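One file, final.txt, carrying compact mmCIF, N, CA and C atoms:
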```
# COMPACT_ATOMS: atom_id res chain seq x y z
N PRO R 1 12.88 -2.62 1.80
CA PRO R 1 13.40 -1.32 1.38
C PRO R 1 14.84 -1.08 1.82
N LEU R 2 15.28 -1.79 2.84
CA LEU R 2 16.65 -1.57 3.32
C LEU R 2 17.69 -2.19 2.41
N THR R 3 17.32 -3.20 1.64
CA THR R 3 18.29 -3.90 0.81
C THR R 3 18.02 -3.75 -0.68
N THR R 4 17.28 -2.75 -1.07
CA THR R 4 16.95 -2.58 -2.48
C THR R 4 18.20 -2.36 -3.33
N PRO R 5 18.33 -3.08 -4.42
CA PRO R 5 19.48 -2.88 -5.29
C PRO R 5 19.36 -1.62 -6.15
N ALA R 6 18.20 -0.98 -6.13
CA ALA R 6 17.98 0.20 -6.96
C ALA R 6 18.78 1.42 -6.50
N LYS R 7 19.15 1.46 -5.24
CA LYS R 7 19.90 2.58 -4.67
C LYS R 7 19.22 3.93 -4.96
N PRO R 8 17.98 4.09 -4.51
CA PRO R 8 17.28 5.36 -4.75
C PRO R 8 17.86 6.50 -3.93
N ASP R 9 17.64 7.72 -4.39
CA ASP R 9 18.06 8.91 -3.65
C ASP R 9 17.14 9.20 -2.48
N GLY R 10 15.91 8.70 -2.56
CA GLY R 10 14.94 8.95 -1.51
C GLY R 10 13.94 7.83 -1.42
N ILE R 11 13.20 7.82 -0.31
CA ILE R 11 12.23 6.75 -0.09
C ILE R 11 11.17 7.21 0.91
N VAL R 12 9.97 6.67 0.76
CA VAL R 12 8.94 6.75 1.78
C VAL R 12 8.76 5.33 2.26
N CYS R 13 8.94 5.12 3.54
CA CYS R 13 8.90 3.77 4.10
C CYS R 13 8.01 3.76 5.34
N GLY R 14 7.06 2.86 5.35
CA GLY R 14 6.20 2.71 6.52
C GLY R 14 6.74 1.67 7.47
N VAL R 15 6.59 1.91 8.76
CA VAL R 15 7.00 0.95 9.78
C VAL R 15 5.80 0.62 10.66
N PHE R 16 5.69 -0.65 11.06
CA PHE R 16 4.54 -1.09 11.85
C PHE R 16 4.60 -0.64 13.29
N SER R 17 5.80 -0.26 13.75
CA SER R 17 5.97 0.17 15.14
C SER R 17 6.74 1.48 15.16
N PRO R 18 6.30 2.45 15.97
CA PRO R 18 7.03 3.71 16.04
C PRO R 18 8.43 3.55 16.62
N VAL R 19 8.70 2.47 17.29
CA VAL R 19 10.03 2.22 17.84
C VAL R 19 11.07 2.14 16.72
N LEU R 20 10.63 1.77 15.52
CA LEU R 20 11.56 1.59 14.40
C LEU R 20 11.79 2.86 13.58
N GLY R 21 11.02 3.91 13.81
CA GLY R 21 11.09 5.10 12.98
C GLY R 21 12.46 5.75 12.91
N GLN R 22 13.02 6.10 14.05
CA GLN R 22 14.33 6.75 14.08
C GLN R 22 15.41 5.84 13.52
N LEU R 23 15.35 4.56 13.87
CA LEU R 23 16.34 3.59 13.40
C LEU R 23 16.34 3.52 11.87
N PHE R 24 15.16 3.40 11.27
CA PHE R 24 15.08 3.32 9.81
C PHE R 24 15.61 4.60 9.17
N ALA R 25 15.27 5.76 9.73
CA ALA R 25 15.76 7.02 9.18
C ALA R 25 17.29 7.06 9.22
N GLU R 26 17.88 6.59 10.31
CA GLU R 26 19.34 6.58 10.42
C GLU R 26 19.96 5.60 9.43
N VAL R 27 19.32 4.45 9.24
CA VAL R 27 19.83 3.48 8.26
C VAL R 27 19.78 4.07 6.86
N PHE R 28 18.69 4.74 6.50
CA PHE R 28 18.60 5.35 5.18
C PHE R 28 19.70 6.40 5.00
N LYS R 29 20.01 7.12 6.05
CA LYS R 29 21.11 8.09 5.99
C LYS R 29 22.43 7.37 5.75
N MET R 30 22.68 6.29 6.48
CA MET R 30 23.92 5.53 6.30
C MET R 30 24.02 4.92 4.90
N LEU R 31 22.87 4.60 4.30
CA LEU R 31 22.86 4.05 2.95
C LEU R 31 23.08 5.11 1.88
N GLY R 32 23.18 6.37 2.30
CA GLY R 32 23.47 7.45 1.36
C GLY R 32 22.26 8.10 0.72
N MET R 33 21.09 7.83 1.24
CA MET R 33 19.90 8.48 0.69
C MET R 33 19.92 9.96 1.04
N LYS R 34 19.45 10.76 0.11
CA LYS R 34 19.42 12.21 0.32
C LYS R 34 18.19 12.65 1.09
N LYS R 35 17.09 11.93 0.93
CA LYS R 35 15.83 12.32 1.54
C LYS R 35 15.02 11.07 1.82
N ALA R 36 14.35 11.06 2.97
CA ALA R 36 13.49 9.92 3.31
C ALA R 36 12.41 10.37 4.28
N LEU R 37 11.27 9.73 4.15
CA LEU R 37 10.20 9.86 5.14
C LEU R 37 9.90 8.47 5.65
N VAL R 38 10.07 8.27 6.93
CA VAL R 38 9.67 7.02 7.58
C VAL R 38 8.39 7.36 8.31
N VAL R 39 7.34 6.57 8.08
CA VAL R 39 6.02 6.93 8.61
C VAL R 39 5.39 5.78 9.39
N HIS R 40 4.58 6.17 10.36
CA HIS R 40 3.79 5.21 11.15
C HIS R 40 2.45 5.85 11.45
N GLY R 41 1.39 5.26 10.93
CA GLY R 41 0.05 5.80 11.14
C GLY R 41 -0.61 5.25 12.38
N CYS R 42 -1.52 6.05 12.94
CA CYS R 42 -2.26 5.60 14.11
C CYS R 42 -2.94 4.27 13.82
N GLU R 43 -3.26 3.57 14.85
CA GLU R 43 -3.90 2.25 14.75
C GLU R 43 -2.96 1.23 14.09
N VAL R 44 -1.67 1.40 14.30
CA VAL R 44 -0.64 0.44 13.86
C VAL R 44 -0.59 0.26 12.34
N LEU R 45 -0.59 1.37 11.63
CA LEU R 45 -0.47 1.32 10.17
C LEU R 45 0.98 1.56 9.76
N ASP R 46 1.40 0.88 8.72
CA ASP R 46 2.74 1.13 8.18
C ASP R 46 2.64 2.07 6.97
N GLU R 47 1.78 3.05 7.10
CA GLU R 47 1.61 4.11 6.11
C GLU R 47 1.00 5.30 6.82
N LEU R 48 0.90 6.41 6.13
CA LEU R 48 0.25 7.58 6.70
C LEU R 48 -1.24 7.30 6.86
N SER R 49 -1.80 7.73 7.97
CA SER R 49 -3.19 7.41 8.29
C SER R 49 -4.14 8.54 7.95
N ILE R 50 -5.23 8.18 7.31
CA ILE R 50 -6.30 9.14 7.05
C ILE R 50 -7.24 9.20 8.25
N ALA R 51 -7.06 8.29 9.21
CA ALA R 51 -7.95 8.20 10.37
C ALA R 51 -7.54 9.11 11.52
N GLY R 52 -6.29 9.55 11.53
CA GLY R 52 -5.82 10.36 12.65
C GLY R 52 -4.35 10.68 12.50
N SER R 53 -3.66 10.77 13.62
CA SER R 53 -2.27 11.21 13.58
C SER R 53 -1.34 10.15 13.00
N SER R 54 -0.26 10.64 12.42
CA SER R 54 0.81 9.79 11.91
C SER R 54 2.13 10.37 12.39
N LYS R 55 3.03 9.51 12.77
CA LYS R 55 4.38 9.94 13.15
C LYS R 55 5.26 9.90 11.90
N VAL R 56 6.13 10.88 11.78
CA VAL R 56 7.02 10.99 10.62
C VAL R 56 8.43 11.27 11.11
N TRP R 57 9.39 10.53 10.57
CA TRP R 57 10.81 10.79 10.76
C TRP R 57 11.32 11.19 9.40
N GLU R 58 11.80 12.42 9.28
CA GLU R 58 12.24 12.93 7.99
C GLU R 58 13.75 13.08 7.95
N LEU R 59 14.37 12.39 6.99
CA LEU R 59 15.79 12.58 6.69
C LEU R 59 15.85 13.69 5.66
N LYS R 60 16.47 14.80 6.04
CA LYS R 60 16.56 15.96 5.15
C LYS R 60 17.85 15.91 4.35
N GLU R 61 17.89 16.70 3.30
CA GLU R 61 19.04 16.70 2.41
C GLU R 61 20.33 17.11 3.10
N ASP R 62 20.25 17.87 4.20
CA ASP R 62 21.46 18.26 4.93
C ASP R 62 21.93 17.16 5.88
N GLY R 63 21.23 16.02 5.90
CA GLY R 63 21.62 14.90 6.75
C GLY R 63 20.95 14.88 8.11
N SER R 64 20.22 15.93 8.44
CA SER R 64 19.54 15.95 9.73
C SER R 64 18.27 15.09 9.67
N ILE R 65 17.87 14.62 10.83
CA ILE R 65 16.65 13.82 10.95
C ILE R 65 15.75 14.52 11.96
N CYS R 66 14.54 14.81 11.55
CA CYS R 66 13.59 15.42 12.48
C CYS R 66 12.36 14.53 12.60
N HIS R 67 11.71 14.62 13.74
CA HIS R 67 10.53 13.81 14.03
C HIS R 67 9.36 14.74 14.30
N TYR R 68 8.22 14.43 13.71
CA TYR R 68 7.03 15.23 13.94
C TYR R 68 5.79 14.37 13.69
N GLU R 69 4.65 14.92 14.05
CA GLU R 69 3.38 14.24 13.81
C GLU R 69 2.55 15.08 12.86
N VAL R 70 1.76 14.40 12.04
CA VAL R 70 0.86 15.08 11.12
C VAL R 70 -0.55 14.52 11.28
N GLN R 71 -1.50 15.33 10.91
CA GLN R 71 -2.91 14.97 10.90
C GLN R 71 -3.43 15.15 9.47
N PRO R 72 -4.48 14.44 9.08
CA PRO R 72 -5.05 14.68 7.75
C PRO R 72 -5.38 16.15 7.51
N SER R 73 -5.84 16.84 8.55
CA SER R 73 -6.21 18.26 8.40
C SER R 73 -5.02 19.14 8.04
N ASP R 74 -3.80 18.71 8.35
CA ASP R 74 -2.60 19.47 7.97
C ASP R 74 -2.46 19.58 6.46
N PHE R 75 -3.14 18.69 5.74
CA PHE R 75 -3.06 18.63 4.29
C PHE R 75 -4.38 19.01 3.63
N GLY R 76 -5.27 19.58 4.44
CA GLY R 76 -6.58 19.98 3.92
C GLY R 76 -7.53 18.81 3.71
N LEU R 77 -7.26 17.70 4.38
CA LEU R 77 -8.08 16.49 4.22
C LEU R 77 -8.93 16.24 5.45
N GLU R 78 -10.11 15.71 5.23
CA GLU R 78 -10.95 15.28 6.34
C GLU R 78 -10.45 13.93 6.84
N PRO R 79 -10.54 13.68 8.14
CA PRO R 79 -10.22 12.34 8.63
C PRO R 79 -11.38 11.39 8.34
N TYR R 80 -11.05 10.14 8.10
CA TYR R 80 -12.05 9.11 7.86
C TYR R 80 -11.70 7.88 8.69
N PRO R 81 -12.70 7.17 9.19
CA PRO R 81 -12.42 5.92 9.89
C PRO R 81 -11.75 4.92 8.93
N LEU R 82 -10.87 4.10 9.46
CA LEU R 82 -10.18 3.12 8.62
C LEU R 82 -11.16 2.19 7.91
N ALA R 83 -12.31 1.92 8.52
CA ALA R 83 -13.30 1.05 7.89
C ALA R 83 -13.74 1.60 6.53
N GLU R 84 -13.63 2.91 6.34
CA GLU R 84 -14.05 3.52 5.08
C GLU R 84 -13.04 3.35 3.95
N ILE R 85 -11.86 2.82 4.26
CA ILE R 85 -10.89 2.56 3.19
C ILE R 85 -10.60 1.07 3.05
N ALA R 86 -11.38 0.26 3.75
CA ALA R 86 -11.18 -1.19 3.67
C ALA R 86 -11.38 -1.66 2.23
N GLY R 87 -10.51 -2.57 1.81
CA GLY R 87 -10.60 -3.13 0.48
C GLY R 87 -11.49 -4.35 0.44
N GLY R 88 -11.58 -4.93 -0.72
CA GLY R 88 -12.37 -6.14 -0.91
C GLY R 88 -11.57 -7.17 -1.67
N THR R 89 -12.20 -7.82 -2.60
CA THR R 89 -11.52 -8.80 -3.44
C THR R 89 -10.61 -8.07 -4.42
N ALA R 90 -9.76 -8.81 -5.09
CA ALA R 90 -8.88 -8.21 -6.09
C ALA R 90 -9.70 -7.50 -7.17
N ALA R 91 -10.77 -8.12 -7.61
CA ALA R 91 -11.61 -7.51 -8.64
C ALA R 91 -12.28 -6.24 -8.13
N GLU R 92 -12.75 -6.26 -6.90
CA GLU R 92 -13.38 -5.07 -6.31
C GLU R 92 -12.36 -3.94 -6.16
N ASN R 93 -11.15 -4.28 -5.73
CA ASN R 93 -10.11 -3.26 -5.57
C ASN R 93 -9.70 -2.67 -6.91
N ALA R 94 -9.62 -3.50 -7.95
CA ALA R 94 -9.29 -3.01 -9.29
C ALA R 94 -10.38 -2.06 -9.79
N ALA R 95 -11.63 -2.41 -9.54
CA ALA R 95 -12.74 -1.55 -9.94
C ALA R 95 -12.69 -0.22 -9.18
N GLU R 96 -12.34 -0.29 -7.90
CA GLU R 96 -12.21 0.93 -7.09
C GLU R 96 -11.13 1.85 -7.66
N MET R 97 -10.01 1.28 -8.04
CA MET R 97 -8.92 2.09 -8.61
C MET R 97 -9.35 2.72 -9.93
N ALA R 98 -10.05 1.96 -10.76
CA ALA R 98 -10.54 2.50 -12.03
C ALA R 98 -11.47 3.69 -11.78
N GLU R 99 -12.33 3.57 -10.78
CA GLU R 99 -13.22 4.67 -10.42
C GLU R 99 -12.42 5.89 -9.97
N LEU R 100 -11.41 5.66 -9.15
CA LEU R 100 -10.59 6.78 -8.67
C LEU R 100 -9.87 7.48 -9.82
N PHE R 101 -9.31 6.70 -10.73
CA PHE R 101 -8.60 7.29 -11.85
C PHE R 101 -9.53 8.01 -12.82
N ALA R 102 -10.82 7.71 -12.73
CA ALA R 102 -11.82 8.39 -13.55
C ALA R 102 -12.40 9.61 -12.83
N GLY R 103 -11.85 9.93 -11.65
CA GLY R 103 -12.31 11.10 -10.91
C GLY R 103 -13.51 10.82 -10.03
N ARG R 104 -13.79 9.54 -9.82
CA ARG R 104 -14.92 9.16 -8.96
C ARG R 104 -14.37 8.30 -7.82
N GLY R 105 -15.23 7.60 -7.16
CA GLY R 105 -14.79 6.70 -6.10
C GLY R 105 -15.02 7.27 -4.72
N ARG R 106 -14.69 6.46 -3.73
CA ARG R 106 -14.91 6.85 -2.34
C ARG R 106 -13.95 7.96 -1.93
N LYS R 107 -14.50 8.98 -1.27
CA LYS R 107 -13.70 10.12 -0.83
C LYS R 107 -12.60 9.70 0.15
N ALA R 108 -12.90 8.76 1.02
CA ALA R 108 -11.90 8.32 2.01
C ALA R 108 -10.72 7.65 1.32
N VAL R 109 -10.98 6.82 0.33
CA VAL R 109 -9.90 6.14 -0.39
C VAL R 109 -9.08 7.16 -1.17
N ARG R 110 -9.76 8.09 -1.81
CA ARG R 110 -9.08 9.15 -2.56
C ARG R 110 -8.14 9.93 -1.64
N ALA R 111 -8.63 10.29 -0.46
CA ALA R 111 -7.82 11.05 0.49
C ALA R 111 -6.62 10.25 0.98
N ALA R 112 -6.82 8.98 1.29
CA ALA R 112 -5.73 8.14 1.78
C ALA R 112 -4.64 7.97 0.72
N ILE R 113 -5.06 7.77 -0.52
CA ILE R 113 -4.09 7.61 -1.61
C ILE R 113 -3.34 8.92 -1.83
N ALA R 114 -4.05 10.04 -1.84
CA ALA R 114 -3.40 11.33 -2.06
C ALA R 114 -2.40 11.65 -0.96
N LEU R 115 -2.75 11.35 0.28
CA LEU R 115 -1.86 11.63 1.40
C LEU R 115 -0.54 10.87 1.25
N ASN R 116 -0.63 9.58 0.95
CA ASN R 116 0.57 8.77 0.82
C ASN R 116 1.33 9.06 -0.47
N ALA R 117 0.62 9.30 -1.57
CA ALA R 117 1.29 9.67 -2.82
C ALA R 117 1.97 11.02 -2.68
N GLY R 118 1.34 11.93 -1.93
CA GLY R 118 1.93 13.24 -1.71
C GLY R 118 3.28 13.16 -1.03
N ALA R 119 3.42 12.22 -0.11
CA ALA R 119 4.71 12.01 0.55
C ALA R 119 5.76 11.60 -0.48
N GLY R 120 5.38 10.71 -1.39
CA GLY R 120 6.30 10.27 -2.43
C GLY R 120 6.69 11.39 -3.38
N LEU R 121 5.73 12.22 -3.75
CA LEU R 121 6.02 13.35 -4.63
C LEU R 121 6.98 14.34 -3.97
N TYR R 122 6.80 14.55 -2.68
CA TYR R 122 7.71 15.43 -1.93
C TYR R 122 9.13 14.86 -1.90
N VAL R 123 9.25 13.59 -1.54
CA VAL R 123 10.58 12.97 -1.45
C VAL R 123 11.26 12.93 -2.82
N ALA R 124 10.47 12.75 -3.88
CA ALA R 124 11.02 12.69 -5.23
C ALA R 124 11.39 14.07 -5.78
N GLY R 125 11.11 15.13 -5.02
CA GLY R 125 11.46 16.47 -5.47
C GLY R 125 10.46 17.07 -6.44
N LYS R 126 9.29 16.47 -6.56
CA LYS R 126 8.26 16.98 -7.47
C LYS R 126 7.35 18.00 -6.80
N ALA R 127 7.52 18.17 -5.50
CA ALA R 127 6.73 19.14 -4.74
C ALA R 127 7.64 19.80 -3.71
N ALA R 128 7.38 21.07 -3.45
CA ALA R 128 8.22 21.84 -2.52
C ALA R 128 8.12 21.34 -1.09
N ASP R 129 6.97 20.82 -0.73
CA ASP R 129 6.79 20.29 0.62
C ASP R 129 5.73 19.19 0.58
N PHE R 130 5.54 18.58 1.71
CA PHE R 130 4.63 17.46 1.88
C PHE R 130 3.19 17.86 1.52
N LYS R 131 2.75 19.03 1.97
CA LYS R 131 1.39 19.48 1.69
C LYS R 131 1.20 19.72 0.19
N ALA R 132 2.18 20.32 -0.45
CA ALA R 132 2.10 20.56 -1.90
C ALA R 132 2.06 19.24 -2.66
N GLY R 133 2.79 18.25 -2.18
CA GLY R 133 2.75 16.93 -2.80
C GLY R 133 1.36 16.32 -2.74
N THR R 134 0.71 16.47 -1.60
CA THR R 134 -0.65 15.96 -1.44
C THR R 134 -1.61 16.69 -2.37
N SER R 135 -1.44 17.99 -2.51
CA SER R 135 -2.28 18.77 -3.44
C SER R 135 -2.09 18.31 -4.88
N LEU R 136 -0.85 18.03 -5.26
CA LEU R 136 -0.57 17.51 -6.61
C LEU R 136 -1.25 16.17 -6.83
N ALA R 137 -1.16 15.30 -5.83
CA ALA R 137 -1.79 13.98 -5.94
C ALA R 137 -3.30 14.11 -6.07
N LEU R 138 -3.90 15.00 -5.28
CA LEU R 138 -5.35 15.21 -5.38
C LEU R 138 -5.74 15.71 -6.77
N ALA R 139 -4.96 16.64 -7.30
CA ALA R 139 -5.24 17.18 -8.63
C ALA R 139 -5.14 16.09 -9.70
N ALA R 140 -4.19 15.19 -9.54
CA ALA R 140 -4.04 14.10 -10.51
C ALA R 140 -5.22 13.14 -10.47
N LEU R 141 -5.85 13.01 -9.31
CA LEU R 141 -7.00 12.12 -9.19
C LEU R 141 -8.30 12.77 -9.66
N ASP R 142 -8.30 14.08 -9.83
CA ASP R 142 -9.52 14.79 -10.26
C ASP R 142 -9.68 14.76 -11.76
```
So, in terms of structure tokens, how does the structure I just supplied come out?
Amino acid sequence: PLTTPAKPDGIVCGVFSPVLGQLFAEVFKMLGMKKALVVHGCEVLDELSIAGSSKVWELKEDGSICHYEVQPSDFGLEPYPLAEIAGGTAAENAAEMAELFAGRGRKAVRAAIALNAGAGLYVAGKAADFKAGTSLALAALD
């Protein structure tokens, strides 16, 4: 994501270590991005976690960078153990996605996808805030 030729105005980027969060946010600022969310989920995830807390470094449009933590409950979501979102084979994962897009599927997977998609909708300016982005993503999956 640091060397993308697309030159996006914003990005959601996961980091495997919280030590990298502030650094990545500062790099995105230097690259001229207007908005960014750098995220690190509990249990060493490079995405927002449905299992518990996630650290977020937000590059705001005014150039400031703030750091905070979020929980699934902040977005109206129940927490789920990571084992409940474990994938399978490529064919099984494709079938799972088809179920989700049909308004069915595992609740934990639906919640994890909505949480991370909501971050993208917020950064893209399609939602007023992170929580509203998650609500939009949930509605799209219903």
Secondary structure check, alpha helix (DSSP H) residues of chain R, as a ChimeraX atom specification: /R:21-30,90-101,107-123,130-141
All residues 6 Å or closer to Gly118 of chain R, only C-alpha atoms, same chain fewer than 5 positions away omitted, as a PyMOL selection string: chain R and resi 133-134+137
Who sits within 7 Å of Val44 of chain R, all atoms listed in the file, same chain under 5 positions skipped, as a ChimeraX atom specification: /R:15-17
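Atom pair atom N of Leu136 of chain R / atom CA of Leu115 of chain R: separated by 9.3 Å.
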Neighbour list for segment 59-69 of chain R as a list of chain:residue names, cut-off 6.5 Å, all atoms listed in the file, skip fewer than 2 positions in-chain: R:Ala25, R:Lys34, R:Lys35, R:Ala36, R:Leu37, R:Val38, R:Ser53, R:Ser54, R:Lys55, R:Val56, R:Trp57, R:Gln71
